[in-house]
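Asks: Got a structure here, written out as structure tokens. Questions coming.
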Amino acid sequence: MEEVRTRFPPSPTGYLHIGGARTAIFNWLFAQKTGGKLILRIEDTDAERSSEESVQGIIDSMKWLGITWDEGPYFQSRFINEHVAAAQRLVESGHAYKCFCTKEDLDRKRKEARKKKTALQYDGTCRNLPPEEIAKKEAAGTPYTIRLKVPRGGGFVSFEDIVYGIIEKKYEDIEDFVIVRSNGRPLYILSNAVDDIRDGITHVIRGQDGLANTPKQILIYKGLGAPVPKFAHMSLTLDPKKAKISKRTHGELVAVHFYKERGFLPWAFVNYLALLGWSTPDSREIFSREELIEAFSLEGISRANAIFDIRKDDPKFFTDPKAISINTHYLRNLPVEEIEPYVREQLKKAGIWDPEFQGIKRDWFLRTVDLIRSRYHVTTDFATLGRAYFSDDYPIDPKALKKNILRHEGLKEWFPILADRLQAIETFTAEEAEQVIRETAEEFGVKAGILINGIRTAVTGQVAGPGLFDVLIAVGQRRVVERLHKAVTFFE
RNA sequence: GUCCCCAUCGUCUAGCCAGGUCCAGGACACCGGCCUUUCACGCCGGCAGCACCGGUUCAAAUCCGGUUGGGGACGCCA
């Protein structure tokens, strides 16, 4: 069997968004699964909207996600001559023709058609121009476009889409579409097909919005005498209002880099995206890289569009809850060493990274990360909610202060006493610390919980967290004592 | 206006092709309980759906037709 070759062809007109990432992921998975290749092709023929930064941004995002490609990036703009040459061949072989209609004429006709409520297809004015007339117009320098000559008189284009099944499109429903502009530049529909032929693409896996283009592109393949690849169109990703997600209306929320910045683990994000519109019969949801590749199949892609459940302005979820929950799952269950680099990155970004966390304090660092991770959702939480573990400069949550400290006047006196007693412990263990705290509570006739919660807030700034005695060990005797002494000032 | 695609809990979906085992399963979210010094985790339980109408059939989420709804494409954008 011939080698599978898929491609991901983003146009560099902005960052990589989740729709594009999903397309890239599916192409990548299929290539990996079949032992084939993924080709990265930058479709940069729209010079005005394309930019170097976008190319880099897309590549960065793909790298972050861990989507590797085998060839490229190729740049479509380098092959324009090839595209035009292909169009010439189509003209010579009678599969395409030159059209001298002006844009103004066409606009006028289109407007009329709209008014009369008839189809707005090209009417074929130049389809059968006698050769003399073509020569005459060309000699006069009349600009022309090249249109594909769609077969007339019954019949249809048909192909079997791997996801949608057999698709048939009547010739009469396809107009003679333009493949080369009057300025000599090729159009996407042509360039894309010609590039796919040159790159030997065997499987075109793309968004369902390409479905309508497919019959046209098949006509191009056939006209060029090239083998037609297999097509697999995937459902689109919609927003909660069922509108196509777009950079314009959703901004950063749909940008891959946004998820990197907000503390997603890249594989968790890939896992989530793979689940948007794809599933296995056993409804499994968590996959390692190897498992996903093993489980992937194009047949598992759903035909119905999926909604990316972004919740703008939701205080609890800054994006699709399912995405967060998958990230949370990985954050809790991966070996700590695997999340270590991502936590490090966040602490660095927050300016509280200490190189010793990677050196002499590494064991402590990993244990601490492990201790607190079960209540975090994204890696940025380590630098915000978990700041007190890694830095002495941490904020006290006002709510926690009120509830756990200020409400209990007695703490003003107990904190220094506790500090002294904790300091006096020779080998600072959770058990020892617990004993000291419980005895102190008893001595002053106060519930241990009051002391425990008060200390927690003083030492971590939070209302909640891991079991206090483990916290004390993680924070360390010296720092605990310091923080308790300092806590007295909260009453001023 | 024309053409194409789609339709199961709030969301992602399994089941549909090969009708009965489905008074529809899982996950997230939500609610309740257990655990607990707090918050999580974990465990247990709950809420919630086959868009509608008709047909075929002993039997339909599954097959057929229609309606409605949603999406996409109709550019000398990619």
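Starting from 1 in every chain, residues are counted up; chains themselves are A, B, ... following the order of the structure tokens, and ligands are numbered from 1 as listed.
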Within 6 Å of chain B, which residues belong to chain A? Use only C-alpha atoms (C1' of nucleotides) and report them as number ranges by chain.
Replies: A: 117-119, 181, 209, 212, 281, 304, 322, 374-375, 449, 452, 464-465
Asks: So that I can check the surroundings of U56 (chain B), please list as a list in words every protein, DNA and RNA residue that reaches within 12 Å of it, counting only C-alpha atoms (C1' of nucleotides) and ignoring chain neighbours fewer than 4 positions away.
Replies: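 My list of contacting residues is G19, A60, C63, C64 and G65 of chain B.
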Asks: Would you please give, as a PDB file with all heavy atoms, in the first residue's frame, all residues of region 190-257 of chain A that DSSP assigns to alpha helix (DSSP H) based on the backbone?
Replies:
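The new file out.pdb reads:
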```pdb
ATOM      1  N   LEU A 190      -7.311  26.507  -7.029  1.00  0.00           N
ATOM      2  CA  LEU A 190      -6.358  25.912  -7.967  1.00  0.00           C
ATOM      3  C   LEU A 190      -5.037  25.612  -7.265  1.00  0.00           C
ATOM      4  O   LEU A 190      -4.538  24.486  -7.320  1.00  0.00           O
ATOM      5  CB  LEU A 190      -6.102  26.915  -9.109  1.00  0.00           C
ATOM      6  CG  LEU A 190      -5.558  26.517 -10.482  1.00  0.00           C
ATOM      7  CD1 LEU A 190      -4.476  27.438 -10.944  1.00  0.00           C
ATOM      8  CD2 LEU A 190      -5.239  25.064 -10.666  1.00  0.00           C
ATOM      9  N   SER A 191      -4.483  26.614  -6.608  1.00  0.00           N
ATOM     10  CA  SER A 191      -3.176  26.471  -5.966  1.00  0.00           C
ATOM     11  C   SER A 191      -3.176  25.308  -5.003  1.00  0.00           C
ATOM     12  O   SER A 191      -2.257  24.487  -4.962  1.00  0.00           O
ATOM     13  CB  SER A 191      -2.823  27.741  -5.187  1.00  0.00           C
ATOM     14  OG  SER A 191      -2.846  28.847  -6.052  1.00  0.00           O
ATOM     15  N   ASN A 192      -4.222  25.249  -4.219  1.00  0.00           N
ATOM     16  CA  ASN A 192      -4.339  24.229  -3.208  1.00  0.00           C
ATOM     17  C   ASN A 192      -4.322  22.826  -3.831  1.00  0.00           C
ATOM     18  O   ASN A 192      -3.615  21.928  -3.366  1.00  0.00           O
ATOM     19  CB  ASN A 192      -5.648  24.489  -2.450  1.00  0.00           C
ATOM     20  CG  ASN A 192      -5.890  23.501  -1.332  1.00  0.00           C
ATOM     21  OD1 ASN A 192      -6.655  22.571  -1.514  1.00  0.00           O
ATOM     22  ND2 ASN A 192      -5.239  23.684  -0.202  1.00  0.00           N
ATOM     23  N   ALA A 193      -5.070  22.686  -4.910  1.00  0.00           N
ATOM     24  CA  ALA A 193      -5.127  21.375  -5.564  1.00  0.00           C
ATOM     25  C   ALA A 193      -3.782  21.037  -6.210  1.00  0.00           C
ATOM     26  O   ALA A 193      -3.284  19.915  -6.089  1.00  0.00           O
ATOM     27  CB  ALA A 193      -6.243  21.353  -6.607  1.00  0.00           C
ATOM     28  N   VAL A 194      -3.203  22.014  -6.888  1.00  0.00           N
ATOM     29  CA  VAL A 194      -1.922  21.764  -7.561  1.00  0.00           C
ATOM     30  C   VAL A 194      -0.844  21.416  -6.543  1.00  0.00           C
ATOM     31  O   VAL A 194      -0.036  20.506  -6.748  1.00  0.00           O
ATOM     32  CB  VAL A 194      -1.508  22.991  -8.407  1.00  0.00           C
ATOM     33  CG1 VAL A 194      -0.090  22.832  -8.945  1.00  0.00           C
ATOM     34  CG2 VAL A 194      -2.487  23.192  -9.558  1.00  0.00           C
ATOM     35  N   ASP A 195      -0.859  22.105  -5.424  1.00  0.00           N
ATOM     36  CA  ASP A 195       0.123  21.803  -4.368  1.00  0.00           C
ATOM     37  C   ASP A 195      -0.092  20.403  -3.802  1.00  0.00           C
ATOM     38  O   ASP A 195       0.855  19.677  -3.526  1.00  0.00           O
ATOM     39  CB  ASP A 195       0.026  22.831  -3.238  1.00  0.00           C
ATOM     40  CG  ASP A 195       0.623  24.172  -3.642  1.00  0.00           C
ATOM     41  OD1 ASP A 195       1.336  24.216  -4.657  1.00  0.00           O
ATOM     42  OD2 ASP A 195       0.359  25.164  -2.949  1.00  0.00           O
ATOM     43  N   ASP A 196      -1.349  20.061  -3.624  1.00  0.00           N
ATOM     44  CA  ASP A 196      -1.634  18.732  -3.092  1.00  0.00           C
ATOM     45  C   ASP A 196      -1.161  17.653  -4.067  1.00  0.00           C
ATOM     46  O   ASP A 196      -0.672  16.598  -3.654  1.00  0.00           O
ATOM     47  CB  ASP A 196      -3.133  18.568  -2.803  1.00  0.00           C
ATOM     48  CG  ASP A 196      -3.541  19.233  -1.489  1.00  0.00           C
ATOM     49  OD1 ASP A 196      -2.632  19.589  -0.706  1.00  0.00           O
ATOM     50  OD2 ASP A 196      -4.752  19.396  -1.245  1.00  0.00           O
ATOM     51  N   ILE A 197      -1.297  17.931  -5.342  1.00  0.00           N
ATOM     52  CA  ILE A 197      -0.827  16.963  -6.347  1.00  0.00           C
ATOM     53  C   ILE A 197       0.694  16.854  -6.261  1.00  0.00           C
ATOM     54  O   ILE A 197       1.258  15.765  -6.179  1.00  0.00           O
ATOM     55  CB  ILE A 197      -1.249  17.395  -7.769  1.00  0.00           C
ATOM     56  CG1 ILE A 197      -2.769  17.331  -7.912  1.00  0.00           C
ATOM     57  CG2 ILE A 197      -0.556  16.515  -8.824  1.00  0.00           C
ATOM     58  CD1 ILE A 197      -3.315  17.981  -9.173  1.00  0.00           C
ATOM     59  N   ARG A 198       1.367  18.010  -6.253  1.00  0.00           N
ATOM     60  CA  ARG A 198       2.826  17.988  -6.206  1.00  0.00           C
ATOM     61  C   ARG A 198       3.346  17.326  -4.933  1.00  0.00           C
ATOM     62  O   ARG A 198       4.308  16.555  -4.978  1.00  0.00           O
ATOM     63  CB  ARG A 198       3.389  19.411  -6.295  1.00  0.00           C
ATOM     64  CG  ARG A 198       4.928  19.423  -6.357  1.00  0.00           C
ATOM     65  CD  ARG A 198       5.520  20.795  -6.059  1.00  0.00           C
ATOM     66  NE  ARG A 198       5.078  21.275  -4.766  1.00  0.00           N
ATOM     67  CZ  ARG A 198       4.202  22.254  -4.597  1.00  0.00           C
ATOM     68  NH1 ARG A 198       3.707  22.903  -5.624  1.00  0.00           N
ATOM     69  NH2 ARG A 198       3.825  22.601  -3.383  1.00  0.00           N
ATOM     70  N   THR A 214     -14.898  20.730  -2.768  1.00  0.00           N
ATOM     71  CA  THR A 214     -14.333  19.462  -3.195  1.00  0.00           C
ATOM     72  C   THR A 214     -14.712  19.041  -4.615  1.00  0.00           C
ATOM     73  O   THR A 214     -13.832  18.672  -5.394  1.00  0.00           O
ATOM     74  CB  THR A 214     -14.684  18.369  -2.166  1.00  0.00           C
ATOM     75  OG1 THR A 214     -14.284  18.836  -0.878  1.00  0.00           O
ATOM     76  CG2 THR A 214     -13.961  17.081  -2.473  1.00  0.00           C
ATOM     77  N   PRO A 215     -15.985  19.093  -4.979  1.00  0.00           N
ATOM     78  CA  PRO A 215     -16.307  18.708  -6.358  1.00  0.00           C
ATOM     79  C   PRO A 215     -15.529  19.541  -7.377  1.00  0.00           C
ATOM     80  O   PRO A 215     -15.065  19.023  -8.396  1.00  0.00           O
ATOM     81  CB  PRO A 215     -17.807  18.971  -6.459  1.00  0.00           C
ATOM     82  CG  PRO A 215     -18.294  18.858  -5.055  1.00  0.00           C
ATOM     83  CD  PRO A 215     -17.180  19.421  -4.217  1.00  0.00           C
ATOM     84  N   LYS A 216     -15.371  20.814  -7.080  1.00  0.00           N
ATOM     85  CA  LYS A 216     -14.618  21.676  -7.996  1.00  0.00           C
ATOM     86  C   LYS A 216     -13.170  21.230  -8.084  1.00  0.00           C
ATOM     87  O   LYS A 216     -12.574  21.174  -9.165  1.00  0.00           O
ATOM     88  CB  LYS A 216     -14.664  23.131  -7.521  1.00  0.00           C
ATOM     89  CG  LYS A 216     -16.050  23.749  -7.553  1.00  0.00           C
ATOM     90  CD  LYS A 216     -15.984  25.192  -7.083  1.00  0.00           C
ATOM     91  CE  LYS A 216     -17.359  25.839  -7.102  1.00  0.00           C
ATOM     92  NZ  LYS A 216     -17.330  27.190  -6.535  1.00  0.00           N
ATOM     93  N   GLN A 217     -12.623  20.919  -6.934  1.00  0.00           N
ATOM     94  CA  GLN A 217     -11.218  20.517  -6.956  1.00  0.00           C
ATOM     95  C   GLN A 217     -11.038  19.156  -7.632  1.00  0.00           C
ATOM     96  O   GLN A 217     -10.035  18.932  -8.300  1.00  0.00           O
ATOM     97  CB  GLN A 217     -10.664  20.505  -5.533  1.00  0.00           C
ATOM     98  CG  GLN A 217     -10.556  21.924  -4.990  1.00  0.00           C
ATOM     99  CD  GLN A 217      -9.747  22.021  -3.716  1.00  0.00           C
ATOM    100  OE1 GLN A 217     -10.016  21.318  -2.752  1.00  0.00           O
ATOM    101  NE2 GLN A 217      -8.745  22.896  -3.710  1.00  0.00           N
ATOM    102  N   ILE A 218     -12.024  18.313  -7.487  1.00  0.00           N
ATOM    103  CA  ILE A 218     -11.946  17.016  -8.175  1.00  0.00           C
ATOM    104  C   ILE A 218     -11.910  17.237  -9.685  1.00  0.00           C
ATOM    105  O   ILE A 218     -11.177  16.561 -10.404  1.00  0.00           O
ATOM    106  CB  ILE A 218     -13.130  16.121  -7.750  1.00  0.00           C
ATOM    107  CG1 ILE A 218     -12.898  15.634  -6.318  1.00  0.00           C
ATOM    108  CG2 ILE A 218     -13.289  14.936  -8.701  1.00  0.00           C
ATOM    109  CD1 ILE A 218     -14.017  14.809  -5.733  1.00  0.00           C
ATOM    110  N   LEU A 219     -12.681  18.209 -10.138  1.00  0.00           N
ATOM    111  CA  LEU A 219     -12.668  18.538 -11.566  1.00  0.00           C
ATOM    112  C   LEU A 219     -11.264  18.984 -11.990  1.00  0.00           C
ATOM    113  O   LEU A 219     -10.797  18.666 -13.091  1.00  0.00           O
ATOM    114  CB  LEU A 219     -13.671  19.668 -11.831  1.00  0.00           C
ATOM    115  CG  LEU A 219     -15.024  19.347 -12.477  1.00  0.00           C
ATOM    116  CD1 LEU A 219     -15.439  17.900 -12.407  1.00  0.00           C
ATOM    117  CD2 LEU A 219     -16.112  20.247 -11.916  1.00  0.00           C
ATOM    118  N   ILE A 220     -10.604  19.714 -11.120  1.00  0.00           N
ATOM    119  CA  ILE A 220      -9.240  20.157 -11.425  1.00  0.00           C
ATOM    120  C   ILE A 220      -8.293  18.961 -11.486  1.00  0.00           C
ATOM    121  O   ILE A 220      -7.504  18.825 -12.430  1.00  0.00           O
ATOM    122  CB  ILE A 220      -8.750  21.183 -10.376  1.00  0.00           C
ATOM    123  CG1 ILE A 220      -9.585  22.469 -10.478  1.00  0.00           C
ATOM    124  CG2 ILE A 220      -7.266  21.489 -10.568  1.00  0.00           C
ATOM    125  CD1 ILE A 220      -9.261  23.517  -9.412  1.00  0.00           C
ATOM    126  N   TYR A 221      -8.387  18.107 -10.494  1.00  0.00           N
ATOM    127  CA  TYR A 221      -7.539  16.902 -10.489  1.00  0.00           C
ATOM    128  C   TYR A 221      -7.720  16.128 -11.785  1.00  0.00           C
ATOM    129  O   TYR A 221      -6.758  15.737 -12.442  1.00  0.00           O
ATOM    130  CB  TYR A 221      -7.936  15.968  -9.342  1.00  0.00           C
ATOM    131  CG  TYR A 221      -7.372  16.349  -7.994  1.00  0.00           C
ATOM    132  CD1 TYR A 221      -8.155  17.024  -7.074  1.00  0.00           C
ATOM    133  CD2 TYR A 221      -6.079  16.017  -7.645  1.00  0.00           C
ATOM    134  CE1 TYR A 221      -7.662  17.368  -5.828  1.00  0.00           C
ATOM    135  CE2 TYR A 221      -5.574  16.355  -6.396  1.00  0.00           C
ATOM    136  CZ  TYR A 221      -6.360  17.033  -5.495  1.00  0.00           C
ATOM    137  OH  TYR A 221      -5.869  17.366  -4.273  1.00  0.00           O
ATOM    138  N   LYS A 222      -8.983  15.929 -12.154  1.00  0.00           N
ATOM    139  CA  LYS A 222      -9.267  15.126 -13.336  1.00  0.00           C
ATOM    140  C   LYS A 222      -8.766  15.810 -14.593  1.00  0.00           C
ATOM    141  O   LYS A 222      -8.187  15.158 -15.469  1.00  0.00           O
ATOM    142  CB  LYS A 222     -10.760  14.840 -13.432  1.00  0.00           C
ATOM    143  CG  LYS A 222     -11.196  13.931 -12.272  1.00  0.00           C
ATOM    144  CD  LYS A 222     -12.478  13.195 -12.577  1.00  0.00           C
ATOM    145  CE  LYS A 222     -12.632  12.034 -11.584  1.00  0.00           C
ATOM    146  NZ  LYS A 222     -14.044  11.718 -11.303  1.00  0.00           N
ATOM    147  N   GLY A 223      -8.991  17.118 -14.656  1.00  0.00           N
ATOM    148  CA  GLY A 223      -8.544  17.857 -15.823  1.00  0.00           C
ATOM    149  C   GLY A 223      -7.030  17.775 -15.982  1.00  0.00           C
ATOM    150  O   GLY A 223      -6.493  17.760 -17.087  1.00  0.00           O
ATOM    151  N   LYS A 247     -11.343  34.414  14.925  1.00  0.00           N
ATOM    152  CA  LYS A 247     -10.433  35.277  15.666  1.00  0.00           C
ATOM    153  C   LYS A 247     -11.095  36.615  15.929  1.00  0.00           C
ATOM    154  O   LYS A 247     -10.963  37.214  16.978  1.00  0.00           O
ATOM    155  CB  LYS A 247      -9.161  35.500  14.847  1.00  0.00           C
ATOM    156  CG  LYS A 247      -8.446  34.195  14.549  1.00  0.00           C
ATOM    157  CD  LYS A 247      -7.361  34.361  13.506  1.00  0.00           C
ATOM    158  CE  LYS A 247      -6.832  33.010  13.089  1.00  0.00           C
ATOM    159  NZ  LYS A 247      -5.877  33.055  11.991  1.00  0.00           N
ATOM    160  N   ARG A 248     -11.825  37.041  14.934  1.00  0.00           N
ATOM    161  CA  ARG A 248     -12.440  38.351  15.012  1.00  0.00           C
ATOM    162  C   ARG A 248     -13.424  38.485  16.165  1.00  0.00           C
ATOM    163  O   ARG A 248     -13.379  39.432  16.931  1.00  0.00           O
ATOM    164  CB  ARG A 248     -13.160  38.618  13.695  1.00  0.00           C
ATOM    165  CG  ARG A 248     -13.258  40.073  13.335  1.00  0.00           C
ATOM    166  CD  ARG A 248     -14.307  40.249  12.271  1.00  0.00           C
ATOM    167  NE  ARG A 248     -15.147  41.357  12.654  1.00  0.00           N
ATOM    168  CZ  ARG A 248     -15.197  42.496  11.975  1.00  0.00           C
ATOM    169  NH1 ARG A 248     -14.492  42.624  10.888  1.00  0.00           N
ATOM    170  NH2 ARG A 248     -15.957  43.472  12.376  1.00  0.00           N
ATOM    171  N   THR A 249     -14.330  37.523  16.288  1.00  0.00           N
ATOM    172  CA  THR A 249     -15.333  37.664  17.336  1.00  0.00           C
ATOM    173  C   THR A 249     -14.909  37.100  18.687  1.00  0.00           C
ATOM    174  O   THR A 249     -15.436  37.513  19.707  1.00  0.00           O
ATOM    175  CB  THR A 249     -16.668  36.992  16.943  1.00  0.00           C
ATOM    176  OG1 THR A 249     -16.389  35.655  16.535  1.00  0.00           O
ATOM    177  CG2 THR A 249     -17.336  37.721  15.828  1.00  0.00           C
ATOM    178  N   HIS A 250     -13.977  36.155  18.699  1.00  0.00           N
ATOM    179  CA  HIS A 250     -13.633  35.557  19.979  1.00  0.00           C
ATOM    180  C   HIS A 250     -12.246  35.918  20.493  1.00  0.00           C
ATOM    181  O   HIS A 250     -11.944  35.651  21.653  1.00  0.00           O
ATOM    182  CB  HIS A 250     -13.775  34.047  19.890  1.00  0.00           C
ATOM    183  CG  HIS A 250     -15.142  33.621  19.456  1.00  0.00           C
ATOM    184  ND1 HIS A 250     -15.445  33.322  18.152  1.00  0.00           N
ATOM    185  CD2 HIS A 250     -16.298  33.508  20.141  1.00  0.00           C
ATOM    186  CE1 HIS A 250     -16.726  33.017  18.072  1.00  0.00           C
ATOM    187  NE2 HIS A 250     -17.273  33.129  19.250  1.00  0.00           N
ATOM    188  N   VAL A 256      -4.518  29.293  20.350  1.00  0.00           N
ATOM    189  CA  VAL A 256      -3.787  28.243  21.039  1.00  0.00           C
ATOM    190  C   VAL A 256      -2.840  28.833  22.083  1.00  0.00           C
ATOM    191  O   VAL A 256      -2.756  28.344  23.210  1.00  0.00           O
ATOM    192  CB  VAL A 256      -3.018  27.371  20.026  1.00  0.00           C
ATOM    193  CG1 VAL A 256      -2.062  26.430  20.737  1.00  0.00           C
ATOM    194  CG2 VAL A 256      -3.994  26.572  19.174  1.00  0.00           C
ATOM    195  N   HIS A 257      -2.174  29.918  21.730  1.00  0.00           N
ATOM    196  CA  HIS A 257      -1.190  30.474  22.667  1.00  0.00           C
ATOM    197  C   HIS A 257      -1.831  30.962  23.967  1.00  0.00           C
ATOM    198  O   HIS A 257      -1.207  30.992  25.010  1.00  0.00           O
ATOM    199  CB  HIS A 257      -0.371  31.584  22.006  1.00  0.00           C
ATOM    200  CG  HIS A 257      -1.156  32.807  21.666  1.00  0.00           C
ATOM    201  ND1 HIS A 257      -1.502  33.746  22.602  1.00  0.00           N
ATOM    202  CD2 HIS A 257      -1.675  33.240  20.496  1.00  0.00           C
ATOM    203  CE1 HIS A 257      -2.201  34.713  22.010  1.00  0.00           C
ATOM    204  NE2 HIS A 257      -2.334  34.419  20.740  1.00  0.00           N
TER     205      HIS A 257
END
```
Asks: For region 30-37 of chain A, find every residue with an atom within 10 Å (counting only C-alpha atoms (C1' of nucleotides)), except residues of its own chain fewer than 5 positions away, and show them as a list in words.
Replies: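 Selected residues are Glu2, Glu3, Val4, Arg5, Thr6, Arg7, Ala24, Ile25, Thr68, Trp69, Asp70, Glu71, Ile201, Thr202, His203, Ile205, Glu290, Leu292, Ile293, Glu294, Ala295, Phe296, Ser297 and Leu298 of chain A.
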Asks: Please, could you write that set of residues out with C-alpha atoms as a compact mmCIF listing (two decimals), in the first residue's frame?
Replies:
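Writing the result to result.txt gives the following:
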```
# COMPACT_ATOMS: atom_id res chain seq x y z
CA GLU A 2 1.24 3.44 -0.80
CA GLU A 3 2.40 5.72 1.94
CA VAL A 4 -0.16 8.01 3.49
CA ARG A 5 0.60 11.70 3.10
CA THR A 6 -1.52 14.30 4.82
CA ARG A 7 -1.06 18.01 5.05
CA ALA A 24 -3.67 19.84 12.36
CA ILE A 25 -4.13 17.32 15.15
CA THR A 68 5.35 17.27 14.55
CA TRP A 69 5.46 17.39 10.79
CA ASP A 70 7.67 15.48 8.44
CA GLU A 71 8.07 17.90 5.56
CA ILE A 201 -1.17 14.14 -0.73
CA THR A 202 -3.21 10.96 -0.40
CA HIS A 203 -5.68 12.13 2.23
CA ILE A 205 -8.46 16.01 6.03
CA GLU A 290 0.58 6.55 22.09
CA LEU A 292 -4.51 8.34 21.04
CA ILE A 293 -2.54 7.46 17.96
CA GLU A 294 -3.46 3.84 18.43
CA ALA A 295 -7.15 4.59 18.97
CA PHE A 296 -7.54 7.20 16.25
CA SER A 297 -9.55 6.59 13.15
CA LEU A 298 -11.15 8.92 10.64
```
Asks: Tell me which protein, DNA and RNA residues are within 8 Å of Glu285 (chain A), counting only C-alpha atoms (C1' of nucleotides), leaving out same-chain ones fewer than 2 positions away, and put them as number ranges by chain.
Replies: A: 271, 275, 279, 283, 287; B: 27
Asks: If you measure from CA of Ala400 (chain A) to CA of Ala441 (chain A), what distance in Å do you get, rounded to one decimal?
Replies: 20.2 Å
Asks: Please return as a PyMOL selection string: the residues of region 105-337 of chain A that backbone DSSP assigns to strand (DSSP E or B).
Replies: chain A and resi 145-148+156-161+165-170+178-180+186+203-207+230-234+237-238+244+255+278+301+306-307
Asks: As an exercise, work out the distance from CA of Arg438 (chain A) to CA of Phe415 (chain A) in Å and give it to one decimal place.
Replies: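 CA of Phe415 (chain A) lies 13.5 Å from CA of Arg438 (chain A).
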